[in-house]
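The block underneath contains the structure these notes are about, expressed in C-alpha cells.
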Number of protein chains: 2
Amino acid sequence: MSENSKYVTYGSCGCGSCGASKEITGCRFSLSPMSDKYIDIILGALGKVDTSKVWKETDKLSTIYRGKRIHVLDAVKGLFIHSYDENVHTTLEATLSKGCPGDTDADSFLAEDDVLVNEESIKDIHFKTTCKISLYPMGVSNYMGYIAKVVNHAIDMGIYVRSAHYVTILEGDIHELFHFFNEAAEYCNKELSHYIMQITLSVNSPTAE
Amino acid sequence: MSENSKYVTYGSCGCGSCGASKEITGCRFSLSPMSDKYIDIILGALGKVDTSKVWKETDKLSTIYRGKRIHVLDAVKGLFIHSYDENVHTTLEATLSKGCPGDTDADSFLAEDDVLVNEESIKDIHFKTTCKISLYPMGVSNYMGYIAKVVNHAIDMGIYVRSAHYVTILEGDIHELFHFFNEAAEYCNKELSHYIMQITLSVNSPTAE
C-alpha cells in the first residue's frame, strides 16, 4: 500500500470493529421502471414515501436510506409499493447492509420509536413479486451455514421457489417478502457483525419462467 | 437443521472447498432499459452477442453466462454495448462470482482458447458509463484489505470517482471499466477462493451528480 494520500486505506478496520457505534442499517437501492414515463414513476414514488424516520440521499445511481432497520425497510417497501403500476415492468435492486468496518455514525438518523410511518398507506396494496436474493455474511469461514438458515426460513414461510446460480429465487405477495427481509436481517444482526443482503424485486415481467 | 428434505443444506461445503473443480466464473445480470421499447432493446442486444464461448441461461429475473472469466466478461460487455441507445437511460446490474462452495461443474463451458469473440464488433463503440461496485471477499477476516487493493487499482487507472455508502463509484469509457473488472477479478481469483463483485452500470441518467 502506498503512503500517497490519493489511495484509500481500510487498514485500521477489521471485521467486528465496525466504524459505526450505533445500530445503523442502510439500504442503497435503484428503481427501474421499464417505461418512457420512468422519471414520473420514480419521482412520484419518492414523493409519496414518508422518510421522516430515515436519513436519505439520492445520487446519479441510487437512493440511500439509513437508520433503524425496521424504518429503513418500511421506507423502501413504501417506495416500491407506491411505484407499482400494473402496466409497467419494474425492478428494484437493493443492497441492505449493516456492520461494515468502513461505516461511520454519520449520515444516519435513529428514530426513538418503532411506529412504522408508511405501513398505513400501503397495507392494503397487494401484488405478486418475484425476487432474487443473495446473503453475504462477512468475515466468517462458515458463512454457508448462515445462508442455509436464512434460505430455510424462506422455505418455512412458503415463499421459496428454487436455488439458482448465485442467488435464491423467492416469490410472494410484496408484504410477505418484506416480512421475510426483516426477519432475515434481524437474524443476521444477531449472529453476524457484518452482512450484506443483495435483493432484486421484479413485477410484471413479460418473461415466462 | 431439520433432516426434512424440503430444506437446503450447504453444510458439507466450507470456504475453499469449492464444489466446482474447474475454473468457472459466472455472471448473472439484468439489463434495464428505461423505455417502452425495453423488450426490443433487450432481445436485440441478446441477439447480437456471440455466446459461443459461454454457457447461458435466461430466466424471469436475469441472464447467466458461465465459463472462462475472460469470455464471460467479453459476452457481458458485448451485451451491454449492443444495448446502448443514446436516447435511453439503461442500467445493467451484474453479479460476477467465482468459487462459491455451493457451485458445481454443471452448467458451464470452458473454451480452450483466449480469443475474444465479441471484441471485434464492439471495439469501436465508446460511451461514458457511471458504475457502482462492491467487492465481497468471502471466508476471510481481513477482507477490507482486499477491497482497498482493488479500489486503489481503480484510482491508479483514473476511473475512481469516490467512495460512498456500501459502494465505490467509478466512471469511464465502457472499455476502461471492463478492463478494470477483468483485472480486479484476476486479482481476486489469485488471492481468494470465493469472491463476488456486485456491479451496476448506468448510462444516460437524467440525474445530475
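Chain labels run A, B, ... following the order of the C-alpha cells; each chain numbers its residues from 1, and ligands are numbered from 1 in the order shown.
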
Tell me as a PDB file with C-alpha atoms, in the first residue's frame which residues belonging to chain B come within 6 Å of chain A, counting only C-alpha atoms.
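Produced file part-v7.pdb, reproduced below:
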ATOM      1  CA  TYR B   7     -34.655 -27.885   3.457  1.00  0.00           C
ATOM      2  CA  TYR B  10     -24.958 -26.268   2.462  1.00  0.00           C
ATOM      3  CA  CYS B  15     -14.886 -21.918   2.239  1.00  0.00           C
ATOM      4  CA  MET B  34     -35.995   2.659 -19.042  1.00  0.00           C
ATOM      5  CA  SER B  35     -38.079   2.762 -22.209  1.00  0.00           C
ATOM      6  CA  ASP B  36     -41.355   1.465 -23.630  1.00  0.00           C
ATOM      7  CA  ASP B  59     -34.940 -16.777 -16.514  1.00  0.00           C
ATOM      8  CA  LYS B  60     -37.605 -14.321 -15.368  1.00  0.00           C
ATOM      9  CA  GLY B 139     -14.493 -16.523   4.217  1.00  0.00           C
ATOM     10  CA  VAL B 140     -11.651 -14.257   5.312  1.00  0.00           C
ATOM     11  CA  SER B 141     -11.486 -11.868   8.256  1.00  0.00           C
ATOM     12  CA  MET B 144     -11.167  -4.884   3.879  1.00  0.00           C
ATOM     13  CA  ASN B 152      -6.707   1.581  -5.299  1.00  0.00           C
ATOM     14  CA  THR B 207     -29.896  12.907 -12.697  1.00  0.00           C
ATOM     15  CA  GLU B 209     -24.451  14.304  -9.738  1.00  0.00           C
TER      16      GLU B 209
END

All helix (DSSP H, G or I) residues (DSSP, backbone) inside segment 68-115 of chain B, as a ChimeraX atom specification: /B:69-83

Selection export as a PDB file, in the first residue's frame, atoms kept: N, CA, C and O atoms:
ATOM      1  N   ARG B  69     -13.297 -16.777 -17.291  1.00  0.00           N
ATOM      2  CA  ARG B  69     -13.523 -15.384 -16.893  1.00  0.00           C
ATOM      3  C   ARG B  69     -13.506 -14.421 -18.074  1.00  0.00           C
ATOM      4  O   ARG B  69     -14.424 -13.612 -18.248  1.00  0.00           O
ATOM      5  N   ILE B  70     -12.487 -14.491 -18.905  1.00  0.00           N
ATOM      6  CA  ILE B  70     -12.369 -13.505 -19.993  1.00  0.00           C
ATOM      7  C   ILE B  70     -13.515 -13.612 -20.998  1.00  0.00           C
ATOM      8  O   ILE B  70     -13.953 -12.620 -21.562  1.00  0.00           O
ATOM      9  N   HIS B  71     -14.016 -14.822 -21.202  1.00  0.00           N
ATOM     10  CA  HIS B  71     -15.118 -14.985 -22.157  1.00  0.00           C
ATOM     11  C   HIS B  71     -16.452 -14.535 -21.556  1.00  0.00           C
ATOM     12  O   HIS B  71     -17.315 -13.996 -22.270  1.00  0.00           O
ATOM     13  N   VAL B  72     -16.627 -14.753 -20.255  1.00  0.00           N
ATOM     14  CA  VAL B  72     -17.841 -14.285 -19.588  1.00  0.00           C
ATOM     15  C   VAL B  72     -17.890 -12.758 -19.642  1.00  0.00           C
ATOM     16  O   VAL B  72     -18.907 -12.161 -20.013  1.00  0.00           O
ATOM     17  N   LEU B  73     -16.769 -12.113 -19.311  1.00  0.00           N
ATOM     18  CA  LEU B  73     -16.742 -10.646 -19.346  1.00  0.00           C
ATOM     19  C   LEU B  73     -16.879 -10.116 -20.771  1.00  0.00           C
ATOM     20  O   LEU B  73     -17.547  -9.100 -21.005  1.00  0.00           O
ATOM     21  N   ASP B  74     -16.287 -10.793 -21.735  1.00  0.00           N
ATOM     22  CA  ASP B  74     -16.429 -10.402 -23.145  1.00  0.00           C
ATOM     23  C   ASP B  74     -17.895 -10.441 -23.569  1.00  0.00           C
ATOM     24  O   ASP B  74     -18.384  -9.538 -24.266  1.00  0.00           O
ATOM     25  N   ALA B  75     -18.609 -11.452 -23.136  1.00  0.00           N
ATOM     26  CA  ALA B  75     -20.027 -11.591 -23.523  1.00  0.00           C
ATOM     27  C   ALA B  75     -20.898 -10.541 -22.836  1.00  0.00           C
ATOM     28  O   ALA B  75     -21.773  -9.937 -23.469  1.00  0.00           O
ATOM     29  N   VAL B  76     -20.662 -10.296 -21.546  1.00  0.00           N
ATOM     30  CA  VAL B  76     -21.467  -9.292 -20.832  1.00  0.00           C
ATOM     31  C   VAL B  76     -21.192  -7.901 -21.407  1.00  0.00           C
ATOM     32  O   VAL B  76     -22.108  -7.099 -21.615  1.00  0.00           O
ATOM     33  N   LYS B  77     -19.925  -7.626 -21.695  1.00  0.00           N
ATOM     34  CA  LYS B  77     -19.541  -6.344 -22.301  1.00  0.00           C
ATOM     35  C   LYS B  77     -20.205  -6.190 -23.673  1.00  0.00           C
ATOM     36  O   LYS B  77     -20.764  -5.135 -24.008  1.00  0.00           O
ATOM     37  N   GLY B  78     -20.195  -7.252 -24.462  1.00  0.00           N
ATOM     38  CA  GLY B  78     -20.842  -7.228 -25.775  1.00  0.00           C
ATOM     39  C   GLY B  78     -22.329  -6.930 -25.648  1.00  0.00           C
ATOM     40  O   GLY B  78     -22.886  -6.103 -26.370  1.00  0.00           O
ATOM     41  N   LEU B  79     -22.975  -7.608 -24.710  1.00  0.00           N
ATOM     42  CA  LEU B  79     -24.403  -7.405 -24.468  1.00  0.00           C
ATOM     43  C   LEU B  79     -24.702  -5.952 -24.127  1.00  0.00           C
ATOM     44  O   LEU B  79     -25.597  -5.324 -24.700  1.00  0.00           O
ATOM     45  N   PHE B  80     -23.914  -5.401 -23.196  1.00  0.00           N
ATOM     46  CA  PHE B  80     -24.201  -4.036 -22.740  1.00  0.00           C
ATOM     47  C   PHE B  80     -23.945  -3.021 -23.857  1.00  0.00           C
ATOM     48  O   PHE B  80     -24.740  -2.098 -24.066  1.00  0.00           O
ATOM     49  N   ILE B  81     -22.854  -3.195 -24.562  1.00  0.00           N
ATOM     50  CA  ILE B  81     -22.536  -2.245 -25.641  1.00  0.00           C
ATOM     51  C   ILE B  81     -23.567  -2.346 -26.762  1.00  0.00           C
ATOM     52  O   ILE B  81     -24.007  -1.333 -27.307  1.00  0.00           O
ATOM     53  N   HIS B  82     -23.999  -3.541 -27.091  1.00  0.00           N
ATOM     54  CA  HIS B  82     -25.007  -3.685 -28.146  1.00  0.00           C
ATOM     55  C   HIS B  82     -26.376  -3.162 -27.712  1.00  0.00           C
ATOM     56  O   HIS B  82     -27.243  -2.909 -28.546  1.00  0.00           O
ATOM     57  N   SER B  83     -26.587  -3.004 -26.408  1.00  0.00           N
ATOM     58  CA  SER B  83     -27.875  -2.484 -25.923  1.00  0.00           C
ATOM     59  C   SER B  83     -27.894  -0.955 -25.907  1.00  0.00           C
ATOM     60  O   SER B  83     -28.940  -0.342 -25.715  1.00  0.00           O
TER      61      SER B  83
END

Least-squares align chain B to chain A using all Cα atoms paired by position, then dump the moved coordinates as a PDB file with C-alpha atoms, in the first residue's frame.
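Printed below is selection_36.pdb as written:
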ATOM      1  CA  MET B   1       0.035   0.102   0.221  1.00  0.00           C
ATOM      2  CA  SER B   2       1.473   3.420  -0.855  1.00  0.00           C
ATOM      3  CA  GLU B   3       1.514   6.256   1.640  1.00  0.00           C
ATOM      4  CA  ASN B   4       0.340   8.589  -1.071  1.00  0.00           C
ATOM      5  CA  SER B   5      -2.890  10.102   0.215  1.00  0.00           C
ATOM      6  CA  LYS B   6      -4.691   9.600  -3.058  1.00  0.00           C
ATOM      7  CA  TYR B   7      -5.207   5.978  -2.020  1.00  0.00           C
ATOM      8  CA  VAL B   8      -7.875   4.540   0.244  1.00  0.00           C
ATOM      9  CA  THR B   9      -6.794   2.641   3.338  1.00  0.00           C
ATOM     10  CA  TYR B  10      -9.288   0.469   5.096  1.00  0.00           C
ATOM     11  CA  GLY B  11      -6.371  -0.970   7.042  1.00  0.00           C
ATOM     12  CA  SER B  12      -7.438   0.112  10.515  1.00  0.00           C
ATOM     13  CA  CYS B  13     -10.821  -1.554  10.136  1.00  0.00           C
ATOM     14  CA  GLY B  14     -11.196  -5.237  10.805  1.00  0.00           C
ATOM     15  CA  CYS B  15     -14.255  -7.420  10.884  1.00  0.00           C
ATOM     16  CA  GLY B  16     -16.258  -6.795  14.018  1.00  0.00           C
ATOM     17  CA  SER B  17     -14.609  -3.462  14.696  1.00  0.00           C
ATOM     18  CA  CYS B  18     -17.318  -1.557  12.963  1.00  0.00           C
ATOM     19  CA  GLY B  19     -16.654   2.123  12.452  1.00  0.00           C
ATOM     20  CA  ALA B  20     -20.243   2.952  13.338  1.00  0.00           C
ATOM     21  CA  SER B  21     -21.121   2.660  17.014  1.00  0.00           C
ATOM     22  CA  LYS B  22     -24.869   2.908  16.508  1.00  0.00           C
ATOM     23  CA  GLU B  23     -27.281   0.326  15.201  1.00  0.00           C
ATOM     24  CA  ILE B  24     -27.287   1.711  11.672  1.00  0.00           C
ATOM     25  CA  THR B  25     -28.739  -0.374   8.866  1.00  0.00           C
ATOM     26  CA  GLY B  26     -28.577   1.047   5.380  1.00  0.00           C
ATOM     27  CA  CYS B  27     -30.233   0.316   2.086  1.00  0.00           C
ATOM     28  CA  ARG B  28     -28.949   1.575  -1.249  1.00  0.00           C
ATOM     29  CA  PHE B  29     -31.478   0.933  -3.994  1.00  0.00           C
ATOM     30  CA  SER B  30     -32.252   1.689  -7.626  1.00  0.00           C
ATOM     31  CA  LEU B  31     -35.749   1.597  -9.034  1.00  0.00           C
ATOM     32  CA  SER B  32     -36.020   0.754 -12.747  1.00  0.00           C
ATOM     33  CA  PRO B  33     -39.453   1.144 -14.347  1.00  0.00           C
ATOM     34  CA  MET B  34     -39.126  -0.111 -17.936  1.00  0.00           C
ATOM     35  CA  SER B  35     -41.244   2.702 -19.348  1.00  0.00           C
ATOM     36  CA  ASP B  36     -40.908   6.039 -21.133  1.00  0.00           C
ATOM     37  CA  LYS B  37     -42.564   7.509 -18.017  1.00  0.00           C
ATOM     38  CA  TYR B  38     -39.812   6.234 -15.696  1.00  0.00           C
ATOM     39  CA  ILE B  39     -38.909   9.673 -14.339  1.00  0.00           C
ATOM     40  CA  ASP B  40     -42.523  10.404 -13.340  1.00  0.00           C
ATOM     41  CA  ILE B  41     -42.885   6.950 -11.769  1.00  0.00           C
ATOM     42  CA  ILE B  42     -39.657   7.262  -9.753  1.00  0.00           C
ATOM     43  CA  LEU B  43     -40.270  10.848  -8.622  1.00  0.00           C
ATOM     44  CA  GLY B  44     -43.923  10.057  -7.906  1.00  0.00           C
ATOM     45  CA  ALA B  45     -42.980   7.144  -5.656  1.00  0.00           C
ATOM     46  CA  LEU B  46     -40.193   9.071  -3.926  1.00  0.00           C
ATOM     47  CA  GLY B  47     -42.705  11.846  -3.255  1.00  0.00           C
ATOM     48  CA  LYS B  48     -45.244   9.531  -1.623  1.00  0.00           C
ATOM     49  CA  VAL B  49     -42.852   7.870   0.819  1.00  0.00           C
ATOM     50  CA  ASP B  50     -42.630   9.162   4.359  1.00  0.00           C
ATOM     51  CA  THR B  51     -38.897   9.363   5.029  1.00  0.00           C
ATOM     52  CA  SER B  52     -39.160  11.219   8.315  1.00  0.00           C
ATOM     53  CA  LYS B  53     -37.544   8.329  10.211  1.00  0.00           C
ATOM     54  CA  VAL B  54     -34.566   7.695   7.935  1.00  0.00           C
ATOM     55  CA  TRP B  55     -31.583   9.631   6.653  1.00  0.00           C
ATOM     56  CA  LYS B  56     -31.707   9.822   2.848  1.00  0.00           C
ATOM     57  CA  GLU B  57     -29.612  10.781  -0.127  1.00  0.00           C
ATOM     58  CA  THR B  58     -30.101  10.391  -3.894  1.00  0.00           C
ATOM     59  CA  ASP B  59     -27.219  10.338  -6.346  1.00  0.00           C
ATOM     60  CA  LYS B  60     -26.893   9.503 -10.039  1.00  0.00           C
ATOM     61  CA  LEU B  61     -27.030   5.759  -9.429  1.00  0.00           C
ATOM     62  CA  SER B  62     -29.295   5.169  -6.466  1.00  0.00           C
ATOM     63  CA  THR B  63     -31.056   6.378  -3.361  1.00  0.00           C
ATOM     64  CA  ILE B  64     -29.851   5.521   0.145  1.00  0.00           C
ATOM     65  CA  TYR B  65     -31.940   5.259   3.314  1.00  0.00           C
ATOM     66  CA  ARG B  66     -30.091   4.791   6.623  1.00  0.00           C
ATOM     67  CA  GLY B  67     -31.358   4.388  10.146  1.00  0.00           C
ATOM     68  CA  LYS B  68     -33.075   1.788  12.313  1.00  0.00           C
ATOM     69  CA  ARG B  69     -33.618  -1.467  10.401  1.00  0.00           C
ATOM     70  CA  ILE B  70     -37.416  -1.511  10.621  1.00  0.00           C
ATOM     71  CA  HIS B  71     -37.724   2.089   9.452  1.00  0.00           C
ATOM     72  CA  VAL B  72     -35.309   1.602   6.549  1.00  0.00           C
ATOM     73  CA  LEU B  73     -37.279  -1.434   5.359  1.00  0.00           C
ATOM     74  CA  ASP B  74     -40.586   0.400   5.895  1.00  0.00           C
ATOM     75  CA  ALA B  75     -39.376   3.244   3.670  1.00  0.00           C
ATOM     76  CA  VAL B  76     -38.013   0.998   0.896  1.00  0.00           C
ATOM     77  CA  LYS B  77     -41.228  -1.057   0.961  1.00  0.00           C
ATOM     78  CA  GLY B  78     -43.279   2.154   0.781  1.00  0.00           C
ATOM     79  CA  LEU B  79     -41.227   3.377  -2.171  1.00  0.00           C
ATOM     80  CA  PHE B  80     -41.619   0.138  -4.104  1.00  0.00           C
ATOM     81  CA  ILE B  81     -45.336  -0.229  -3.438  1.00  0.00           C
ATOM     82  CA  HIS B  82     -46.014   3.396  -4.366  1.00  0.00           C
ATOM     83  CA  SER B  83     -44.104   2.858  -7.633  1.00  0.00           C
ATOM     84  CA  TYR B  84     -46.304  -0.083  -8.625  1.00  0.00           C
ATOM     85  CA  ASP B  85     -48.131   0.232 -11.949  1.00  0.00           C
ATOM     86  CA  GLU B  86     -49.793  -2.942 -13.254  1.00  0.00           C
ATOM     87  CA  ASN B  87     -48.873  -1.977 -16.808  1.00  0.00           C
ATOM     88  CA  VAL B  88     -45.166  -1.442 -16.170  1.00  0.00           C
ATOM     89  CA  HIS B  89     -42.390  -4.001 -15.710  1.00  0.00           C
ATOM     90  CA  THR B  90     -40.380  -2.584 -12.817  1.00  0.00           C
ATOM     91  CA  THR B  91     -37.385  -3.846 -10.883  1.00  0.00           C
ATOM     92  CA  LEU B  92     -35.817  -2.676  -7.651  1.00  0.00           C
ATOM     93  CA  GLU B  93     -32.189  -3.547  -6.972  1.00  0.00           C
ATOM     94  CA  ALA B  94     -31.304  -3.110  -3.311  1.00  0.00           C
ATOM     95  CA  THR B  95     -28.229  -3.572  -1.140  1.00  0.00           C
ATOM     96  CA  LEU B  96     -29.171  -3.926   2.528  1.00  0.00           C
ATOM     97  CA  SER B  97     -26.149  -3.753   4.791  1.00  0.00           C
ATOM     98  CA  LYS B  98     -25.116  -3.457   8.388  1.00  0.00           C
ATOM     99  CA  GLY B  99     -21.790  -3.494  10.214  1.00  0.00           C
ATOM    100  CA  CYS B 100     -19.324  -2.538   7.512  1.00  0.00           C
ATOM    101  CA  PRO B 101     -15.972  -1.823   9.200  1.00  0.00           C
ATOM    102  CA  GLY B 102     -15.650   1.228   6.951  1.00  0.00           C
ATOM    103  CA  ASP B 103     -19.000   2.655   8.081  1.00  0.00           C
ATOM    104  CA  THR B 104     -19.377   5.695  10.303  1.00  0.00           C
ATOM    105  CA  ASP B 105     -22.010   7.182  12.587  1.00  0.00           C
ATOM    106  CA  ALA B 106     -22.517   9.986  10.099  1.00  0.00           C
ATOM    107  CA  ASP B 107     -25.403  10.170   7.660  1.00  0.00           C
ATOM    108  CA  SER B 108     -27.983   8.398   9.743  1.00  0.00           C
ATOM    109  CA  PHE B 109     -30.989   9.013  11.886  1.00  0.00           C
ATOM    110  CA  LEU B 110     -32.233   6.679  14.601  1.00  0.00           C
ATOM    111  CA  ALA B 111     -35.881   7.263  15.396  1.00  0.00           C
ATOM    112  CA  GLU B 112     -36.712   6.613  19.018  1.00  0.00           C
ATOM    113  CA  ASP B 113     -39.908   4.682  18.455  1.00  0.00           C
ATOM    114  CA  ASP B 114     -40.886   1.686  16.349  1.00  0.00           C
ATOM    115  CA  VAL B 115     -44.054   3.073  14.763  1.00  0.00           C
ATOM    116  CA  LEU B 116     -43.848   2.402  11.005  1.00  0.00           C
ATOM    117  CA  VAL B 117     -44.801   5.596   9.226  1.00  0.00           C
ATOM    118  CA  ASN B 118     -45.505   4.094   5.795  1.00  0.00           C
ATOM    119  CA  GLU B 119     -47.463   0.986   6.751  1.00  0.00           C
ATOM    120  CA  GLU B 120     -50.875   2.689   6.900  1.00  0.00           C
ATOM    121  CA  SER B 121     -50.705   3.988   3.312  1.00  0.00           C
ATOM    122  CA  ILE B 122     -49.507   0.700   1.788  1.00  0.00           C
ATOM    123  CA  LYS B 123     -51.043  -2.097   3.858  1.00  0.00           C
ATOM    124  CA  ASP B 124     -54.000  -2.645   1.523  1.00  0.00           C
ATOM    125  CA  ILE B 125     -51.976  -2.713  -1.696  1.00  0.00           C
ATOM    126  CA  HIS B 126     -51.042  -6.263  -2.692  1.00  0.00           C
ATOM    127  CA  PHE B 127     -49.325  -7.729  -5.749  1.00  0.00           C
ATOM    128  CA  LYS B 128     -47.199 -10.767  -6.579  1.00  0.00           C
ATOM    129  CA  THR B 129     -43.477 -10.098  -6.728  1.00  0.00           C
ATOM    130  CA  THR B 130     -40.598 -12.260  -7.928  1.00  0.00           C
ATOM    131  CA  CYS B 131     -37.341 -11.830  -6.050  1.00  0.00           C
ATOM    132  CA  LYS B 132     -33.751 -12.948  -6.114  1.00  0.00           C
ATOM    133  CA  ILE B 133     -31.676 -12.671  -3.000  1.00  0.00           C
ATOM    134  CA  SER B 134     -28.062 -13.303  -2.019  1.00  0.00           C
ATOM    135  CA  LEU B 135     -26.754 -13.112   1.526  1.00  0.00           C
ATOM    136  CA  TYR B 136     -23.090 -12.335   2.204  1.00  0.00           C
ATOM    137  CA  PRO B 137     -22.038 -12.956   5.828  1.00  0.00           C
ATOM    138  CA  MET B 138     -18.650 -11.240   6.006  1.00  0.00           C
ATOM    139  CA  GLY B 139     -15.545 -12.195   7.932  1.00  0.00           C
ATOM    140  CA  VAL B 140     -16.540 -15.741   8.850  1.00  0.00           C
ATOM    141  CA  SER B 141     -15.420 -19.023   7.308  1.00  0.00           C
ATOM    142  CA  ASN B 142     -18.675 -20.917   7.965  1.00  0.00           C
ATOM    143  CA  TYR B 143     -20.850 -18.474   6.024  1.00  0.00           C
ATOM    144  CA  MET B 144     -22.706 -21.175   4.095  1.00  0.00           C
ATOM    145  CA  GLY B 145     -24.394 -22.239   7.341  1.00  0.00           C
ATOM    146  CA  TYR B 146     -25.875 -18.779   7.902  1.00  0.00           C
ATOM    147  CA  ILE B 147     -27.066 -18.663   4.297  1.00  0.00           C
ATOM    148  CA  ALA B 148     -28.764 -22.060   4.624  1.00  0.00           C
ATOM    149  CA  LYS B 149     -30.520 -20.908   7.804  1.00  0.00           C
ATOM    150  CA  VAL B 150     -31.964 -17.853   6.044  1.00  0.00           C
ATOM    151  CA  VAL B 151     -32.988 -19.815   2.918  1.00  0.00           C
ATOM    152  CA  ASN B 152     -34.679 -22.427   5.087  1.00  0.00           C
ATOM    153  CA  HIS B 153     -36.662 -19.690   6.803  1.00  0.00           C
ATOM    154  CA  ALA B 154     -37.956 -18.665   3.345  1.00  0.00           C
ATOM    155  CA  ILE B 155     -38.907 -22.316   2.760  1.00  0.00           C
ATOM    156  CA  ASP B 156     -40.829 -22.346   6.059  1.00  0.00           C
ATOM    157  CA  MET B 157     -42.650 -19.163   5.004  1.00  0.00           C
ATOM    158  CA  GLY B 158     -43.715 -20.715   1.707  1.00  0.00           C
ATOM    159  CA  ILE B 159     -42.033 -18.078  -0.475  1.00  0.00           C
ATOM    160  CA  TYR B 160     -39.081 -20.176  -1.684  1.00  0.00           C
ATOM    161  CA  VAL B 161     -39.146 -21.084  -5.387  1.00  0.00           C
ATOM    162  CA  ARG B 162     -35.689 -22.557  -6.033  1.00  0.00           C
ATOM    163  CA  SER B 163     -31.966 -22.188  -5.604  1.00  0.00           C
ATOM    164  CA  ALA B 164     -30.230 -20.936  -8.737  1.00  0.00           C
ATOM    165  CA  HIS B 165     -26.709 -19.908  -9.681  1.00  0.00           C
ATOM    166  CA  TYR B 166     -25.517 -17.258  -7.169  1.00  0.00           C
ATOM    167  CA  VAL B 167     -29.003 -16.490  -5.820  1.00  0.00           C
ATOM    168  CA  THR B 168     -32.137 -17.881  -4.243  1.00  0.00           C
ATOM    169  CA  ILE B 169     -35.412 -17.219  -6.069  1.00  0.00           C
ATOM    170  CA  LEU B 170     -38.420 -16.203  -3.954  1.00  0.00           C
ATOM    171  CA  GLU B 171     -41.975 -15.314  -4.900  1.00  0.00           C
ATOM    172  CA  GLY B 172     -44.870 -13.968  -2.898  1.00  0.00           C
ATOM    173  CA  ASP B 173     -47.005 -11.013  -2.014  1.00  0.00           C
ATOM    174  CA  ILE B 174     -44.867  -7.904  -1.584  1.00  0.00           C
ATOM    175  CA  HIS B 175     -45.740  -7.706   2.140  1.00  0.00           C
ATOM    176  CA  GLU B 176     -44.657 -11.325   2.727  1.00  0.00           C
ATOM    177  CA  LEU B 177     -41.317 -10.646   1.040  1.00  0.00           C
ATOM    178  CA  PHE B 178     -40.578  -7.586   3.185  1.00  0.00           C
ATOM    179  CA  HIS B 179     -41.658  -9.508   6.291  1.00  0.00           C
ATOM    180  CA  PHE B 180     -39.035 -12.097   5.339  1.00  0.00           C
ATOM    181  CA  PHE B 181     -36.332  -9.461   4.685  1.00  0.00           C
ATOM    182  CA  ASN B 182     -36.925  -8.013   8.127  1.00  0.00           C
ATOM    183  CA  GLU B 183     -36.737 -11.384   9.865  1.00  0.00           C
ATOM    184  CA  ALA B 184     -33.673 -12.450   7.873  1.00  0.00           C
ATOM    185  CA  ALA B 185     -31.950  -9.146   8.676  1.00  0.00           C
ATOM    186  CA  GLU B 186     -32.875  -9.469  12.344  1.00  0.00           C
ATOM    187  CA  TYR B 187     -31.286 -12.927  12.421  1.00  0.00           C
ATOM    188  CA  CYS B 188     -28.128 -11.686  10.659  1.00  0.00           C
ATOM    189  CA  ASN B 189     -27.977  -8.731  13.009  1.00  0.00           C
ATOM    190  CA  LYS B 190     -27.881 -11.072  15.988  1.00  0.00           C
ATOM    191  CA  GLU B 191     -25.439 -13.605  14.547  1.00  0.00           C
ATOM    192  CA  LEU B 192     -23.053 -11.554  12.426  1.00  0.00           C
ATOM    193  CA  SER B 193     -21.073  -8.371  12.853  1.00  0.00           C
ATOM    194  CA  HIS B 194     -21.261  -7.506   9.138  1.00  0.00           C
ATOM    195  CA  TYR B 195     -23.645  -8.787   6.490  1.00  0.00           C
ATOM    196  CA  ILE B 196     -24.989  -7.700   3.116  1.00  0.00           C
ATOM    197  CA  MET B 197     -28.279  -8.818   1.571  1.00  0.00           C
ATOM    198  CA  GLN B 198     -28.411  -8.168  -2.155  1.00  0.00           C
ATOM    199  CA  ILE B 199     -32.032  -8.160  -3.295  1.00  0.00           C
ATOM    200  CA  THR B 200     -33.758  -7.700  -6.656  1.00  0.00           C
ATOM    201  CA  LEU B 201     -37.539  -7.356  -6.821  1.00  0.00           C
ATOM    202  CA  SER B 202     -39.379  -7.705 -10.124  1.00  0.00           C
ATOM    203  CA  VAL B 203     -43.020  -7.149 -11.053  1.00  0.00           C
ATOM    204  CA  ASN B 204     -44.890  -7.627 -14.323  1.00  0.00           C
ATOM    205  CA  SER B 205     -42.037  -9.320 -16.160  1.00  0.00           C
ATOM    206  CA  PRO B 206     -43.097 -10.390 -19.657  1.00  0.00           C
ATOM    207  CA  THR B 207     -40.802 -13.428 -19.455  1.00  0.00           C
ATOM    208  CA  ALA B 208     -42.467 -16.720 -18.597  1.00  0.00           C
ATOM    209  CA  GLU B 209     -40.476 -18.827 -16.123  1.00  0.00           C
TER     210      GLU B 209
END

All strand (DSSP E) residues (DSSP, backbone) inside chain B, as a PyMOL selection string: chain B and resi 25-33+55-58+63-67+90-98+128-137+160-164+167-173+195-203
